[in-house]
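J.: Sending over a structure as C-alpha cells; questions will come in a sec.
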Amino acid sequence: MSHADLSSLPITAFEDVAALSARRSVRWRSGLAAVQGAAHHTEVFTASGDAAGAGVALALALDDLRHLPRGDGSEADDRRNVLWVQARDAARLSGRPYRAGLPQSLQSRLVHVLAEKAEDALFALEEGLRCRDFAFVIGEMAGNAKALDFTASRRLTLTSERHGIPLFLVRIDAAHDLSSARMRWEVASAPSSAPEWNAQAPGDPAWKAELFRARSHAPGTWTLSGGETSLTASKAREDTDRAVAGWTAGLQHRRSPRAR
Amino acid sequence: MSANTPDAVSSRRILSIWLPAMAMDRWRNAGDEDRRSLDSRPLVLIADTAHGPRIEAANRAGMVAGARRGMMLADARTLCPDIVTAPSDPAGDLAFLEKLAIWARRWGPWSAMDAPDGLLVDVTAVPHLFGGEEKLVADVEAAFARRELGLRCAIAPTAGAAWALSHFGPQGAILEGQGDFEARLADLPVAALRLDDDVLTVLRRLGLKRLGDLTGIESGGSGRDAIQRRFRNRKSPAANPLIRLDQILGRVPEPLLPVVPQHMPLVQRRLMEPIRHRQLLDKVVEDLAQDMARELEGRGEGARRLELGLWRVDGEVVVRRLEMASATREAAHICRLFAARLDDVDAGFGIEMLRLRASWAEPLALEQGDIEAAAETHGTSLSACIDRLTVRLGTRAVSRPVAFASHIPERAQRWQPPLDPEPASQGELAFHKRPLKLLDKPERISVLYATPDGYPKRFRWRGGVHEVTRVEGPERIAPEWWRERSSTRLRDYYRIEDDRGRRYWIYRLGIVGDGRGGAPDWYLQGLCA
C-alpha cells in the first residue's frame, strides 16, 4: 500500500474528511467564537511604545465574549471580572490600564495584578485561569523571560483549556520563541479611519494583525478595527489569502491530478 | 453591638418594610374569588371584646364609609348599615408576619419582625447584588406587589430612622448616612419616634410636634435637660423620647431581635503547658481550625470572620482577626491565612489558652469536600483566587481601578483592594476620549518641529522620532487650585496619531506667558489603543 493509492479512492471518501477538515480549519474571522467557541491561549506580539498589543488583546477577547453561544442557565448579565496581570517591566514600558479609557463594559470589572517578577506574573496568570469568576485573563510580559519557556506556556494552555477561561498574553518586545499558544499574532498600530465629524482627529483604533501561527486556522494578515461594540477584520492582503487557499490539510493538492 | 461609633452607623443599612393593611390584605388573599369581589364594598375585620365586637381593620371602601380601626362595630353600623364583617385573626397575622420576615431575608442576611405589621431587614453591603439601593427598593416593591400586599418601605442607617421614614416619609425613601441626616428627619411628626400613646399626648401638650422641635431644643443647650427631667423616670425606650431620638440618630445602639437567632461557633484549647514556640502554636491553630471546621460543618455554615484570641500567661491577650472574602470552613485554608498573621505574635512567657471564634458565619452548603480538589474540577472562586494572589504577591499588588473625583487624569483613578465596594462616582463625560493606558509618570518629549497651531509636528520620545499626522485638541485641564500650589501650570491635552498609526495622548504643561515659568514643556502621558 503506497500513498499514491490515495488518489484512486472514490471521491466521497475525501468529502467527509474534507468537510471535517474544512470545518476544523476555517479561516480566522471576527465572530468565529459563535461557531468554534472561544480561543484559549492567544499570544499577541507587539513592540513597546504603543498600546496596540493590549488593544488587540482586549478587542479579540471582547469579540469572543460577544459571540460565544450562551446556554439557558447562564447569568443574564455577565458580571464576571477580568484579570489583567502586568509584570513590572511591562507596566513601565507600556503603562497601566486606565479605567476611563477601557471599554465601557469592563470599567468596573477589572482586577489588576502588578507582579514584580516574571515568575510571579506566571503564577498570577495560572491562578487567574483557575478561577471560575473571571471572564478572561490578560497578561502583559516584556521580553523573553527565562521563566516563560515552553513548559510554562504549556502549563498555561492546559490550565486555560481545562477551566475554559481564555488567556491573552501580550508579549512586548519579544522574539517569537517556542510556545504552545493556540494562536499567535504579531500586531502593530495602523492608521485609523477618519471619524465622521472631525476628519483631522484620530478615529476608532485600527491595527495590522498577522496571524503567523495557529493550530486550526490558516495564517494570514488582517487589518482589525474596532469600536467598543464591534470588531471588523478586513483582509489586508489578497495575495496571502490566495497563497494559503490550499492549506486545508493538503487535500486540494491530492485531488488536483485526478481532476486533470 | 458596636453601633455607637459614627462609622458603624453610617455604614449600616437597614430596610424597614411597613405593611399598612396587612391583616386585610392577608384575609383577601387567603380565600377564593368571592373575597376579592368584596373589594368595592365596605368590609371590616372584627374582634370580640367585653363590650361587643370591635373593628380591627377596614378596607378602603370601609374607610370611606367611616369605619376606623378601634371603633365598635355598632357605631360603624349606624354610619353604614350594609357593612360586611369577617372575624380577624391576630395569631394568624403574627405567624404570617414571621413567615414574611424569613422570606424577606432574600434582601439581606438578617431580618427582624416589627410587630404587628412591619419588618426590618439588614441590607448592609447587599444592595450591589441588586444593582444599587434604588433597584433594591424597586425589587422589594415588585415582590410585594406580586403577593398583592400593600407596603411602604425605606432604607436608612439606623432601624429607628428607617422605621420613621417608612411610616411617615415618602415611599421608597433612601437616607444616606452623612450630611443632612438630621435635617431630612426634622419634618417627621413625633409619632415617628415609636413612642407610647400617653407620651405622645404629653409631647403634644408641650407643643413638640415634629422631630425638628425636639432636635432644635437640643441644640439650644438646656432644652435637653428639661426633657430629661420630665422623663427622668422613664427607662423604657418607648416611653422616653430622648432615648428614641438617640436611637434614630445612631447615638445609642438599638438591639434588635432577629427572626432566626444566631450563636457564634466557638472552639478553644486550654493548654497544659504554655507554648512558646511557633511550631507548636501552628499545630494548635491547626487543631483549632479543624475543630472549627467540624463545628461549622455541623451547622452547615462557613466562617466569614474569625478571631483568634491568644491568652498569655502574664495576663496579656493577643487577638488576631481574619476576614475571608466568602464563607469557608477549610481548615487548611484557615491555617494558611492565619500563618501569615501569627508572625509578629510575641509569646512572652507562653500562651496558655487559645480560642477561635467565628464572629461572622454564613450558611455554606455541605458539598465542598477539599478546596484543592474542588478547584481542580470547577475552578476557584474569586475570593479564594484573590486570597491566593495576595498571600504570594502582597496586598498592594492586587487592586482594582476606581474613579475618583478629580479632573487631573492621573488623579482621577485610584487603586483599591479588589473586593471592596466601589465608591460612588460621577460618570465620565463621553465626549472626552481617554487613552487605554496611562504611563506611571508622564514622560517628557522633545518637540523637533511645531506647527503654527501650537502642537508638535514632529517629536522625539524614547529615542524614536514620531511624525504627527492627525490631531484632536486641545482639551484644556486647569490645575485644581484647591489641591495644588498656585504656581501649577495648566495642561492642554491633544490626542494624536503618528504616521505609523500609533496613537498617543500628549499634553503641554502651561502656555507661553502665563507667568509660571519659561517655555512650556511637552509630555506624553497616555497610550491609546
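Simple scheme: letters A, B, ... for chains in C-alpha cells order, numbers from 1 for residues in each chain, numbers from 1 for ligands in the order shown.
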Might you pull out every residue within 12 Å of B:Met272, with only C-alpha atoms counted and same-chain residues fewer than 4 positions away left off, and present them as a list in words?

T.: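 Result of the neighbour search: Val313, Gly350, Ile351, Glu352, Met353 and Leu354 of chain B.
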
J.: How would the residues just chosen look if you wrote them out with C-alpha atoms as a PDB file, in the first residue's frame?

T.:
```pdb
ATOM      1  CA  VAL B 313       0.444  33.682  80.962  1.00  0.00           C
ATOM      2  CA  GLY B 350       3.973  31.468  76.930  1.00  0.00           C
ATOM      3  CA  ILE B 351       0.433  31.194  75.682  1.00  0.00           C
ATOM      4  CA  GLU B 352      -1.868  29.218  77.906  1.00  0.00           C
ATOM      5  CA  MET B 353      -5.145  29.406  76.088  1.00  0.00           C
ATOM      6  CA  LEU B 354      -6.282  29.811  72.506  1.00  0.00           C
TER       7      LEU B 354
END
```

J.: May I have all residues of stretch 20-246 of chain A that DSSP, computed from the backbone, assigns to strand (DSSP E), given as a ChimeraX atom specification?

T.: /A:42-46,81-87,96-97,110-115,134-142,167-172,183-190,206-214,220-226,231-235

J.: Set out as CSV a contact list for chain B and chain A with a cut-off of 6 Å, giving each residue of chain B that qualifies its closest atom pair and distance in Å to one decimal, counting only C-alpha atoms, ordered by chain and rising residue number.

T.:
```
residue,atom,partner,partner_atom,distance
B:Gly379,CA,A:Cys131,CA,4.9
B:Thr380,CA,A:Cys131,CA,4.5
B:Ser381,CA,A:Cys131,CA,5.6
B:Leu382,CA,A:Asp133,CA,5.3
B:Ala397,CA,A:Leu114,CA,5.0
B:Val398,CA,A:Val113,CA,4.6
B:Ser399,CA,A:His112,CA,5.3
B:Arg400,CA,A:Val111,CA,4.8
B:Arg434,CA,A:Gly101,CA,4.5
B:Pro435,CA,A:Gly101,CA,4.9
B:Leu436,CA,A:Gly101,CA,4.4
B:Lys437,CA,A:Pro97,CA,4.4
B:Leu438,CA,A:Gly95,CA,4.9
B:Leu439,CA,A:Gly95,CA,3.9
B:Asp440,CA,A:Gly95,CA,6.0
B:Arg470,CA,A:Gln200,CA,5.4
B:Val471,CA,A:Ala201,CA,5.0
B:Glu472,CA,A:Ala201,CA,4.7
B:Glu497,CA,A:Pro202,CA,5.9
B:Gly501,CA,A:Pro191,CA,3.9
B:Arg502,CA,A:Ser189,CA,5.3
B:Leu527,CA,A:Ala51,CA,5.5
B:Cys528,CA,A:Ala51,CA,5.9
B:Ala529,CA,A:Gly55,CA,4.6
```
